[in-house]
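Colleague: Following this line is final_15.cif, made up of mmCIF, C-alpha atoms and all ligand atoms:
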```cif
data_final
loop_
_atom_site.label_atom_id
_atom_site.label_comp_id
_atom_site.auth_asym_id
_atom_site.auth_seq_id
_atom_site.Cartn_x
_atom_site.Cartn_y
_atom_site.Cartn_z
CA MET A 1 -16.60 -9.24 -11.00
CA LYS A 2 -16.15 -5.52 -10.86
CA LEU A 3 -16.84 -4.25 -7.37
CA SER A 4 -19.87 -2.01 -7.37
CA PRO A 5 -21.20 0.02 -4.43
CA ASP A 6 -23.62 -2.88 -3.66
CA HIS A 7 -20.70 -5.17 -2.92
CA LEU A 8 -18.75 -2.68 -0.85
CA ALA A 9 -19.14 -1.66 2.76
CA PRO A 10 -20.74 1.82 2.94
CA PRO A 11 -18.40 4.82 2.71
CA SER A 12 -17.19 6.21 6.02
CA HIS A 13 -16.81 9.80 4.83
CA PRO A 14 -17.99 11.89 1.85
CA VAL A 15 -14.50 11.61 0.28
CA ALA A 16 -14.99 7.86 -0.03
CA ARG A 17 -18.23 8.07 -2.04
CA LEU A 18 -18.29 6.70 -5.58
CA PRO A 19 -19.87 8.71 -8.44
CA GLU A 20 -23.10 6.70 -8.31
CA GLU A 21 -23.32 7.34 -4.55
CA TRP A 22 -22.80 11.07 -5.13
CA VAL A 23 -25.52 11.04 -7.79
CA ALA A 24 -27.92 9.37 -5.35
CA LYS A 25 -26.98 11.89 -2.68
CA ALA A 26 -27.51 14.84 -5.03
CA LYS A 27 -30.96 13.53 -5.92
CA GLU A 28 -31.79 13.00 -2.25
CA TRP A 29 -31.02 16.70 -1.79
CA GLY A 30 -33.30 17.62 -4.69
CA GLU A 31 -30.40 18.44 -7.05
CA PRO A 32 -29.90 17.02 -10.53
CA GLY A 33 -27.79 13.83 -10.58
CA TYR A 34 -24.97 15.35 -12.63
CA ARG A 35 -24.10 17.59 -9.68
CA GLY A 36 -23.00 14.42 -7.89
CA GLU A 37 -20.65 13.56 -10.73
CA GLN A 38 -19.21 17.07 -10.64
CA ILE A 39 -18.42 16.72 -6.97
CA PHE A 40 -16.67 13.37 -7.48
CA ASP A 41 -14.66 14.96 -10.29
CA TRP A 42 -13.56 17.85 -8.06
CA ILE A 43 -12.42 15.51 -5.32
CA HIS A 44 -10.81 12.64 -7.17
CA ARG A 45 -9.75 14.06 -10.51
CA GLN A 46 -8.91 17.60 -9.56
CA GLY A 47 -7.91 17.03 -5.94
CA ILE A 48 -10.12 19.84 -4.64
CA LEU A 49 -11.76 18.80 -1.38
CA ASP A 50 -12.83 22.18 -0.08
CA PRO A 51 -16.43 22.86 -1.19
CA ALA A 52 -15.71 26.63 -1.29
CA GLU A 53 -13.37 26.02 -4.24
CA MET A 54 -15.85 23.96 -6.30
CA SER A 55 -16.63 26.85 -8.63
CA ASN A 56 -19.25 25.19 -10.85
CA VAL A 57 -21.28 23.92 -7.87
CA PRO A 58 -24.18 26.21 -6.80
CA LYS A 59 -23.70 28.06 -3.54
CA ALA A 60 -26.51 26.29 -1.70
CA LEU A 61 -25.07 22.90 -2.57
CA ARG A 62 -21.60 23.98 -1.51
CA ALA A 63 -23.06 25.01 1.84
CA ARG A 64 -24.65 21.59 2.18
CA LEU A 65 -21.33 19.89 1.43
CA GLU A 66 -19.72 22.00 4.09
CA ASP A 67 -22.42 21.06 6.60
CA GLU A 68 -21.78 17.43 5.75
CA GLY A 69 -18.13 17.85 6.64
CA LEU A 70 -16.61 17.47 3.18
CA GLY A 71 -12.94 18.43 3.32
CA TRP A 72 -9.53 16.83 3.81
CA PRO A 73 -9.85 13.84 6.18
CA ILE A 74 -6.08 13.96 6.78
CA ASP A 75 -3.31 16.52 6.41
CA VAL A 76 0.44 16.78 6.13
CA VAL A 77 2.09 17.37 9.49
CA SER A 78 5.64 17.43 8.16
CA ARG A 79 7.62 16.52 5.10
CA HIS A 80 11.10 15.00 5.11
CA THR A 81 13.22 14.80 1.97
CA SER A 82 15.88 12.13 1.62
CA ASP A 83 19.20 12.68 -0.17
CA ASP A 84 17.99 10.29 -2.88
CA GLY A 85 14.84 12.35 -3.57
CA THR A 86 12.46 10.11 -1.63
CA GLU A 87 9.97 12.14 0.37
CA LYS A 88 8.24 11.01 3.51
CA LEU A 89 5.04 12.73 4.51
CA LEU A 90 3.95 12.49 8.10
CA VAL A 91 0.17 12.45 7.92
CA GLY A 92 -2.10 13.58 10.75
CA MET A 93 -5.67 12.39 11.30
CA PRO A 94 -8.47 14.18 13.18
CA ASP A 95 -8.06 12.07 16.34
CA GLY A 96 -4.38 12.95 16.50
CA GLU A 97 -3.12 9.60 15.18
CA ARG A 98 -0.35 9.68 12.62
CA VAL A 99 0.84 7.50 9.78
CA GLU A 100 3.40 7.91 7.06
CA THR A 101 3.30 7.82 3.30
CA VAL A 102 6.37 7.85 1.07
CA LEU A 103 6.83 9.33 -2.41
CA ILE A 104 9.56 7.51 -4.34
CA PRO A 105 10.65 9.05 -7.66
CA GLN A 106 11.68 6.60 -10.36
CA LEU A 107 15.50 6.61 -10.66
CA ASP A 108 15.68 7.12 -14.43
CA ASP A 109 12.73 9.55 -14.58
CA PRO A 110 12.00 11.41 -11.33
CA SER A 111 8.75 12.83 -12.72
CA ILE A 112 7.21 9.36 -12.31
CA VAL A 113 6.54 8.54 -8.71
CA THR A 114 5.62 5.43 -6.74
CA GLN A 115 3.67 6.18 -3.61
CA CYS A 116 3.82 3.85 -0.63
CA ILE A 117 0.71 4.20 1.54
CA SER A 118 -0.42 3.02 4.96
CA SER A 119 -3.62 1.09 5.69
CA GLN A 120 -3.63 0.88 9.51
CA VAL A 121 -2.20 2.80 12.43
CA GLY A 122 0.32 0.18 13.56
CA CYS A 123 -0.19 -3.47 12.72
CA ALA A 124 -1.50 -6.51 14.59
CA MET A 125 0.67 -9.06 12.79
CA GLY A 126 3.70 -8.73 15.02
CA CYS A 127 6.48 -9.60 12.56
CA VAL A 128 9.67 -9.34 14.61
CA PHE A 129 11.73 -7.43 12.03
CA CYS A 130 9.16 -4.67 11.42
CA ALA A 131 8.74 -1.41 13.33
CA SER A 132 5.00 -1.29 12.56
CA GLY A 133 4.51 -4.82 13.88
CA VAL A 134 6.46 -4.32 17.05
CA ALA A 135 4.17 -1.42 17.96
CA GLY A 136 0.89 -3.39 17.64
CA LEU A 137 -2.38 -2.20 16.10
CA LYS A 138 -3.64 1.16 17.29
CA ARG A 139 -6.62 1.46 14.94
CA GLN A 140 -7.87 0.82 11.44
CA MET A 141 -7.62 3.58 8.86
CA SER A 142 -10.84 4.52 7.06
CA ASP A 143 -11.40 4.24 3.32
CA ALA A 144 -11.21 8.05 3.05
CA GLU A 145 -7.98 8.26 5.05
CA ILE A 146 -6.39 5.61 2.85
CA VAL A 147 -7.35 7.17 -0.47
CA ALA A 148 -6.65 10.73 0.67
CA GLN A 149 -2.97 9.82 1.10
CA VAL A 150 -2.73 9.60 -2.67
CA LEU A 151 -4.69 12.83 -3.14
CA LEU A 152 -2.26 14.48 -0.72
CA GLY A 153 0.73 12.90 -2.44
CA ARG A 154 -0.40 14.31 -5.75
CA ARG A 155 -0.98 17.74 -4.20
CA GLU A 156 2.50 17.75 -2.65
CA LEU A 157 4.16 16.71 -5.92
CA GLY A 158 2.58 19.62 -7.81
CA GLU A 159 2.73 20.08 -11.58
CA GLY A 160 5.05 17.99 -13.72
CA ARG A 161 5.32 14.99 -11.44
CA ARG A 162 2.73 12.27 -11.04
CA VAL A 163 1.93 9.24 -8.95
CA ARG A 164 1.84 6.29 -11.33
CA ASN A 165 2.18 3.38 -8.93
CA VAL A 166 0.67 2.91 -5.51
CA VAL A 167 1.92 0.22 -3.16
CA PHE A 168 0.23 -0.77 0.11
CA MET A 169 3.59 -1.21 1.78
CA GLY A 170 3.44 1.48 4.42
CA MET A 171 2.23 0.86 7.92
CA GLY A 172 -0.32 -1.90 8.44
CA GLU A 173 -1.56 -5.14 6.94
CA PRO A 174 -3.97 -4.05 4.18
CA LEU A 175 -5.87 -7.33 4.10
CA HIS A 176 -6.57 -7.01 7.82
CA ASN A 177 -8.60 -3.91 6.91
CA TYR A 178 -10.29 -5.45 3.88
CA ASP A 179 -13.46 -3.37 3.54
CA ALA A 180 -11.73 -0.01 3.70
CA VAL A 181 -8.92 -1.19 1.40
CA ALA A 182 -11.36 -2.63 -1.16
CA ARG A 183 -13.23 0.67 -1.39
CA ALA A 184 -9.93 2.55 -1.60
CA LEU A 185 -8.86 0.29 -4.49
CA VAL A 186 -12.08 1.01 -6.39
CA LEU A 187 -11.61 4.75 -5.82
CA LEU A 188 -7.91 4.82 -6.77
CA THR A 189 -8.54 3.00 -10.03
CA HIS A 190 -11.80 4.75 -10.93
CA PRO A 191 -11.63 6.12 -14.50
CA GLY A 192 -13.44 9.30 -13.42
CA GLY A 193 -10.95 9.95 -10.64
CA LEU A 194 -7.27 9.19 -10.07
CA ASP A 195 -7.57 6.49 -12.72
CA LEU A 196 -4.56 4.40 -11.70
CA SER A 197 -4.10 1.18 -13.60
CA LYS A 198 -5.02 -1.86 -11.43
CA ARG A 199 -1.77 -3.51 -12.44
CA ARG A 200 0.05 -0.52 -10.96
CA VAL A 201 -1.62 -0.82 -7.60
CA THR A 202 0.05 -3.41 -5.39
CA VAL A 203 -1.44 -4.90 -2.25
CA SER A 204 1.25 -6.42 -0.07
CA THR A 205 0.27 -9.00 2.52
CA SER A 206 1.92 -11.15 5.12
CA GLY A 207 -0.43 -13.97 4.07
CA LEU A 208 -4.07 -13.64 5.14
CA VAL A 209 -5.26 -16.53 3.05
CA LYS A 210 -9.04 -15.96 3.05
CA GLN A 211 -8.62 -12.32 2.13
CA ILE A 212 -6.18 -13.18 -0.67
CA ASP A 213 -8.95 -15.34 -2.15
CA ARG A 214 -11.46 -12.55 -1.68
CA LEU A 215 -9.21 -9.95 -3.31
CA GLY A 216 -8.65 -12.28 -6.26
CA LYS A 217 -12.40 -12.71 -6.70
CA ASP A 218 -13.41 -9.11 -6.11
CA PHE A 219 -10.89 -7.69 -8.58
CA ASP A 220 -10.54 -10.61 -11.00
CA GLY A 221 -6.88 -10.93 -10.08
CA GLN A 222 -6.17 -7.59 -11.68
CA VAL A 223 -4.77 -5.92 -8.58
CA GLN A 224 -1.06 -6.69 -8.26
CA LEU A 225 -0.41 -9.00 -5.33
CA ALA A 226 2.79 -9.02 -3.27
CA ILE A 227 3.47 -11.63 -0.61
CA SER A 228 5.82 -11.12 2.30
CA LEU A 229 7.44 -14.55 2.38
CA HIS A 230 10.66 -14.02 4.37
CA ALA A 231 11.19 -17.71 5.19
CA VAL A 232 10.60 -20.98 3.37
CA ARG A 233 10.13 -23.51 6.18
CA ASP A 234 7.21 -23.33 8.60
CA GLU A 235 9.27 -23.37 11.78
CA ASP A 236 11.49 -20.54 10.52
CA ARG A 237 8.59 -18.47 9.23
CA SER A 238 6.51 -18.93 12.39
CA ALA A 239 9.44 -17.70 14.45
CA ILE A 240 9.55 -14.33 12.68
CA MET A 241 5.96 -14.00 11.37
CA PRO A 242 3.25 -15.11 13.83
CA ILE A 243 0.63 -15.21 11.02
CA ASN A 244 2.35 -18.39 9.80
CA ARG A 245 1.02 -20.26 12.86
CA LYS A 246 -2.49 -19.61 11.57
CA HIS A 247 -1.90 -20.02 7.84
CA ASP A 248 1.15 -22.12 7.09
CA LEU A 249 3.22 -22.15 3.93
CA ALA A 250 1.21 -24.94 2.30
CA GLU A 251 -2.01 -22.95 2.78
CA LEU A 252 -0.37 -19.77 1.57
CA THR A 253 1.17 -21.26 -1.57
CA ASN A 254 -2.13 -22.97 -2.39
CA ALA A 255 -3.84 -19.57 -2.24
CA LEU A 256 -1.21 -18.21 -4.63
CA ARG A 257 -1.81 -21.07 -7.04
CA ARG A 258 -5.53 -20.19 -7.01
CA TYR A 259 -5.06 -16.44 -7.45
CA PRO A 260 -6.62 -15.57 -10.81
CA MET A 261 -4.11 -13.97 -13.14
CA SER A 262 -3.55 -13.33 -16.79
CA LYS A 263 -0.76 -15.24 -18.52
CA ARG A 264 1.78 -12.44 -18.33
CA GLN A 265 1.10 -11.45 -14.74
CA ARG A 266 3.32 -12.51 -11.86
CA ILE A 267 2.97 -12.40 -8.10
CA THR A 268 5.67 -10.42 -6.32
CA ILE A 269 7.46 -12.32 -3.59
CA GLU A 270 9.08 -10.07 -1.01
CA TYR A 271 11.92 -11.58 0.92
CA THR A 272 13.60 -9.50 3.59
CA LEU A 273 17.09 -10.90 4.01
CA ILE A 274 18.10 -11.25 7.64
CA ARG A 275 21.62 -12.30 8.56
CA GLY A 276 21.82 -15.85 9.89
CA VAL A 277 18.01 -16.26 9.82
CA ASN A 278 16.92 -16.79 6.22
CA ASP A 279 19.99 -16.21 4.04
CA SER A 280 21.60 -19.65 3.61
CA PRO A 281 22.00 -21.63 0.37
CA ARG A 282 19.50 -24.09 1.88
CA ASP A 283 16.96 -21.24 2.10
CA ALA A 284 17.56 -20.35 -1.53
CA LYS A 285 17.02 -23.95 -2.60
CA GLY A 286 13.93 -24.21 -0.38
CA MET A 287 12.43 -21.09 -1.95
CA VAL A 288 12.76 -22.47 -5.44
CA GLU A 289 11.06 -25.72 -4.38
CA LEU A 290 8.30 -23.91 -2.49
CA LEU A 291 7.44 -21.62 -5.39
CA GLU A 292 7.64 -24.30 -8.07
CA GLY A 293 4.96 -23.71 -10.70
CA ILE A 294 3.79 -20.32 -9.34
CA PRO A 295 4.45 -17.35 -11.65
CA VAL A 296 6.53 -15.04 -9.46
CA LYS A 297 9.20 -12.40 -9.41
CA VAL A 298 11.26 -12.14 -6.27
CA ASN A 299 12.28 -8.90 -4.56
CA LEU A 300 15.10 -9.29 -2.08
CA ILE A 301 15.11 -6.55 0.55
CA PRO A 302 18.21 -6.42 2.76
CA MET A 303 16.67 -5.85 6.18
CA ASN A 304 16.55 -2.24 7.29
CA PRO A 305 17.55 -1.89 10.92
CA ILE A 306 14.88 -1.07 13.51
CA SER A 307 15.61 -0.03 17.06
CA ALA A 308 13.40 -2.71 18.63
CA SER A 309 15.45 -5.57 17.19
CA SER A 310 19.08 -6.64 16.90
CA LEU A 311 18.40 -8.47 13.62
CA ARG A 312 20.46 -7.12 10.71
CA ALA A 313 20.94 -7.53 6.96
CA PRO A 314 23.70 -9.77 5.60
CA ASP A 315 26.74 -8.16 3.91
CA THR A 316 26.17 -6.89 0.38
CA SER A 317 28.32 -9.64 -1.12
CA HIS A 318 26.22 -12.24 0.67
CA VAL A 319 23.01 -10.65 -0.69
CA THR A 320 24.39 -10.92 -4.21
CA ARG A 321 25.38 -14.55 -3.65
CA PHE A 322 21.86 -15.34 -2.43
CA GLN A 323 20.43 -13.68 -5.54
CA ASP A 324 22.78 -15.73 -7.73
CA GLU A 325 21.66 -18.97 -6.06
CA LEU A 326 18.05 -18.16 -6.94
CA THR A 327 18.77 -16.92 -10.45
CA ARG A 328 20.85 -20.01 -11.20
CA ARG A 329 17.78 -22.09 -10.35
CA GLY A 330 15.57 -20.13 -12.73
CA LEU A 331 13.81 -17.47 -10.64
CA SER A 332 13.76 -13.83 -11.67
CA VAL A 333 15.16 -11.89 -8.77
CA PHE A 334 15.68 -8.21 -8.05
CA ILE A 335 17.48 -6.64 -5.15
CA ARG A 336 15.30 -3.81 -3.92
CA LYS A 337 17.49 -0.81 -3.44
CA THR A 338 16.90 0.83 -0.11
CA ARG A 339 15.40 4.26 -0.63
CA GLY A 340 14.84 6.98 1.89
CA ASP A 341 16.55 5.23 4.79
CA ASP A 342 18.22 8.47 5.87
CA VAL A 343 14.75 9.77 6.78
CA ALA A 344 13.60 6.41 8.19
CA ALA A 345 11.25 5.95 5.24
CA ALA A 346 12.55 2.58 4.13
CA CYS A 347 10.52 -0.65 4.29
CA GLY A 348 9.70 -1.67 7.82
CA GLN A 349 10.87 1.57 9.39
CA LEU A 350 7.50 3.30 9.42
CA ALA A 351 6.21 3.48 12.96
CA PHE A 352 3.97 5.52 15.18
CA HIS A 353 4.27 9.29 15.10
CA GLY A 354 7.12 9.25 12.61
CA GLU A 355 9.26 11.71 14.48
CA SER A 356 12.13 9.43 13.80
CA ARG A 357 15.36 9.77 15.66
CA ARG A 358 17.13 9.89 12.35
CA SER A 359 14.89 12.33 10.53
CA LYS A 360 16.16 15.60 9.15
CA GLN A 361 14.58 18.97 9.57
CA PRO A 362 11.00 19.04 8.31
CA VAL A 363 10.57 21.03 5.09
CA ASN A 364 7.29 22.54 6.26
N1 LIG B 1 1.88 -5.58 5.97
C1 LIG B 1 2.21 -5.78 4.64
C2 LIG B 1 2.73 -4.55 3.93
C3 LIG B 1 3.66 -3.61 4.66
S1 LIG B 1 5.35 -3.90 4.81
C4 LIG B 1 3.19 -6.90 4.48
O1 LIG B 1 3.78 -7.31 5.45
O2 LIG B 1 3.32 -7.38 3.36
C5 LIG B 1 6.14 -3.83 3.22
C6 LIG B 1 7.30 -4.83 3.12
O3 LIG B 1 8.42 -4.46 3.94
C7 LIG B 1 6.90 -6.22 3.55
O4 LIG B 1 7.40 -7.18 2.68
C8 LIG B 1 7.56 -6.32 4.89
O5 LIG B 1 7.70 -7.63 5.30
C9 LIG B 1 8.86 -5.61 4.64
N2 LIG B 1 9.58 -5.23 5.86
C10 LIG B 1 9.08 -5.08 7.10
N3 LIG B 1 10.07 -4.72 7.95
C11 LIG B 1 11.19 -4.64 7.23
C12 LIG B 1 12.54 -4.28 7.54
N4 LIG B 1 12.91 -3.95 8.78
N5 LIG B 1 13.44 -4.29 6.54
C13 LIG B 1 13.07 -4.60 5.29
N6 LIG B 1 11.82 -4.93 4.93
C14 LIG B 1 10.89 -4.95 5.89
FE1 LIG B 2 2.52 -5.86 9.74
FE2 LIG B 2 3.65 -6.17 7.35
FE3 LIG B 2 5.07 -5.23 9.41
FE4 LIG B 2 4.31 -7.78 9.38
S1 LIG B 2 5.71 -6.77 7.93
S2 LIG B 2 4.18 -6.40 11.13
S3 LIG B 2 2.33 -7.64 8.42
S4 LIG B 2 3.35 -4.24 8.45
#
```
If you took the structure in this file and wrote it as structure tokens, what would it be?
Ligand code: SAH
Ligand code: SF4

Modeller:
Amino acid sequence: MKLSPDHLAPPSHPVARLPEEWVAKAKEWGEPGYRGEQIFDWIHRQGILDPAEMSNVPKALRARLEDEGLGWPIDVVSRHTSDDGTEKLLVGMPDGERVETVLIPQLDDPSIVTQCISSQVGCAMGCVFCASGVAGLKRQMSDAEIVAQVLLGRRELGEGRRVRNVVFMGMGEPLHNYDAVARALVLLTHPGGLDLSKRRVTVSTSGLVKQIDRLGKDFDGQVQLAISLHAVRDEDRSAIMPINRKHDLAELTNALRRYPMSKRQRITIEYTLIRGVNDSPRDAKGMVELLEGIPVKVNLIPMNPISASSLRAPDTSHVTRFQDELTRRGLSVFIRKTRGDDVAAACGQLAFHGESRRSKQPVN
């Protein structure tokens, strides 16, 4: 099933309208329907959100768009560039809340960029190793705020560089904000707009089982799914990820077995390695048994330090040994290189307000 406006929650802001909703709006205003398509094109294909700049739109209609409040729902407060080329944008919202989004250039071709976006201000899931979780949930982000991060990212990159992949791995649990995220996914992948490939948009979740099922159904399994596993026995996982007390590993792995996928697709398993917590040979063996029969690729992320916790990553040699244990047993395993940690932009380090203790001078 392709999600149509009828299956989505209504848009929260003009920026989150789909072409057919713009067409309906144009007609409601007594304008021809194609004006609606033009407006969608300005916003999502050209990245122009200010009605004054929509040169082929008649003046009266531009005035109406202005009255309606069309414009950027978020803006860049500051921009921090890491030594490795990763850029962190601190994003401000109208009520003064802030989130972060990170632009990560591909190592072998920096013109191709992966953007990591946020879906909530804070997060309710409370994972003990994560700065977003420690802070709790402040509020949901709207559909427009979510999608505008990518419009902003593209604007900040300028000519010659483009966002090709989007990962919901910033602040927040995307499946805990399902309606806004679903609309954002439709907008990000819309052929008349940013036109990202669904396979290149990854939703990462700590394991909200019902919403994993829903995502699979709503998008025919075409959106790339990443699961934050982090432990392979219930008692261990519940100790670091409270969500596991609600949906245990059996429930979670059953949901993964049901997730509709094409033959060549694989679910990404994220595993943050924490010294003395989940990094033993027994854990490696347990992971292989747990994931038996599920098409996966495993990303090992040596834990990035956060100030609220004394948990730390194992030594590099230990990380490699853990990878070898898994590979030997037939899993395909990658060690995710930490990017942007000098500007506190690495996984799990995104927190409220972003004015990180370790950040460098803002660029603007
Ligand atoms: N809420 C979602 C997506 C955001 S986090 C989720 O949990 O999946 C993106 C990834 O970074 C997740 O796999 C998360 O578990 C991991 N992560 C969180 N804190 C981390 C830390 N301190 N070091 C390394 N990875 C971390
Ligand atoms: Fe939330 Fe994900 Fe952090 Fe857990 S790891 S607290 S789900 S953002």

Colleague: Taking all atoms listed in the file into account, list the residues no farther than 8 Å from ligand LIG 2 (chain B), as an mmCIF file with C-alpha atoms, in the frame of the given file.

Modeller:
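Result went into selection.cif, see below:
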```
data_model
loop_
_atom_site.group_PDB
_atom_site.id
_atom_site.type_symbol
_atom_site.label_atom_id
_atom_site.label_comp_id
_atom_site.auth_asym_id
_atom_site.auth_seq_id
_atom_site.Cartn_x
_atom_site.Cartn_y
_atom_site.Cartn_z
ATOM 1 C CA GLY A 122 0.320 0.180 13.560
ATOM 2 C CA CYS A 123 -0.190 -3.470 12.720
ATOM 3 C CA ALA A 124 -1.500 -6.510 14.590
ATOM 4 C CA MET A 125 0.670 -9.060 12.790
ATOM 5 C CA GLY A 126 3.700 -8.730 15.020
ATOM 6 C CA CYS A 127 6.480 -9.600 12.560
ATOM 7 C CA VAL A 128 9.670 -9.340 14.610
ATOM 8 C CA PHE A 129 11.730 -7.430 12.030
ATOM 9 C CA CYS A 130 9.160 -4.670 11.420
ATOM 10 C CA ALA A 131 8.740 -1.410 13.330
ATOM 11 C CA SER A 132 5.000 -1.290 12.560
ATOM 12 C CA GLY A 133 4.510 -4.820 13.880
ATOM 13 C CA VAL A 134 6.460 -4.320 17.050
ATOM 14 C CA GLY A 136 0.890 -3.390 17.640
ATOM 15 C CA MET A 169 3.590 -1.210 1.780
ATOM 16 C CA GLY A 170 3.440 1.480 4.420
ATOM 17 C CA MET A 171 2.230 0.860 7.920
ATOM 18 C CA GLY A 172 -0.320 -1.900 8.440
ATOM 19 C CA GLU A 173 -1.560 -5.140 6.940
ATOM 20 C CA SER A 204 1.250 -6.420 -0.070
ATOM 21 C CA THR A 205 0.270 -9.000 2.520
ATOM 22 C CA SER A 206 1.920 -11.150 5.120
ATOM 23 C CA SER A 228 5.820 -11.120 2.300
ATOM 24 C CA MET A 241 5.960 -14.000 11.370
ATOM 25 C CA GLY A 348 9.700 -1.670 7.820
#
```

Colleague: Using only C-alpha atoms, which residue out of A:Ala284, A:Val15, A:Leu185, A:Ile48 lies closest to A:Gly69?

Modeller: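 Of the candidates, the smallest distance to A:Gly69 is held by A:Val15.
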
Colleague: Which one of A:Gln211, A:Asp195, A:Asp248, A:Leu175 sits closest to ligand LIG 1 (chain B) if you count only C-alpha atoms and all ligand atoms?

Modeller: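 The shortest atom-to-atom distance to ligand LIG 1 (chain B) comes from A:Leu175.
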
Colleague: Find the distance between atom CA of A:Asp218 and atom CA of A:Ile269 and write it in Å to one decimal.

Modeller: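 Taking atom CA of A:Asp218 and atom CA of A:Ile269, their separation equals 21.3 Å.
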
Colleague: Just checking: using all atoms listed in the file, which residue out of A:Gly207, A:Gly30, A:Pro105, A:Pro260 ends up closest to ligand LIG 1 (chain B)?

Modeller: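 Nearest candidate to ligand LIG 1 (chain B) out of A:Gly207, A:Gly30, A:Pro105, A:Pro260: A:Gly207.
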
Colleague: Name all residues at most 8 Å from A:Pro295 (count only C-alpha atoms; drop same-chain ones fewer than 3 positions away) and give them as a count of residues only.

Modeller: 3

Colleague: Using all atoms listed in the file, which residues sit within 12 Å of A:Asn254 once same-chain residues fewer than 2 positions away are excluded, as a PyMOL selection string?

Modeller: chain A and resi 207+209-210+212-213+247-252+256-259+290-294

Colleague: Can you tell me which residues surround A:Glu87 at a distance of at most 10 Å, considering all atoms listed in the file, apart from same-chain residues fewer than 2 positions away, and format the answer as number ranges by chain?

Modeller: A: 79-85, 89-90, 101-105, 115, 153, 156-157, 339-340, 343, 345

Colleague: Mind pulling up the distance from atom C6 of ligand LIG 1 (chain B) to atom CA of A:Val277?

Modeller: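 So the two atoms, atom CA of A:Val277 and atom C6 of ligand LIG 1 (chain B), lie 17.0 Å apart.
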
Colleague: Which centre and which edge lengths, in Å to one decimal, describe the axis-aligned box that holds all listed atoms of ligand LIG 1 (chain B) after 6 Å is added on each side, as lines of an AutoDock Vina configuration file?

Modeller:
```
center_x = 7.7
center_y = -5.6
center_z = 5.7
size_x = 23.6
size_y = 16.0
size_z = 18.1
```

Colleague: Under the rule that only C-alpha atoms and all ligand atoms are counted, which of A:Lys337, A:Arg155, A:Arg161, A:Arg233 is the nearest residue to ligand LIG 1 (chain B)?

Modeller: A:Lys337

Colleague: Just the residues within 12 Å of A:Pro32, please, counting only C-alpha atoms, with nothing from its chain fewer than 4 positions along; format it as a list in words.

Modeller: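 Once the adjacent positions are removed, what remains is Trp22, Val23, Ala24, Lys25, Ala26, Lys27, Glu28, Gly36, Glu37, Gln38, Val57, Pro58 and Leu61 of chain A.
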
Colleague: Compare A:Ser317, A:Asn177, A:Ser142, A:Thr327 by their minimum atom-to-atom distance to ligand LIG 1 (chain B), counting only C-alpha atoms and all ligand atoms, and give me the closest one.

Modeller: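 For ligand LIG 1 (chain B), the nearest of the given residues is A:Asn177.
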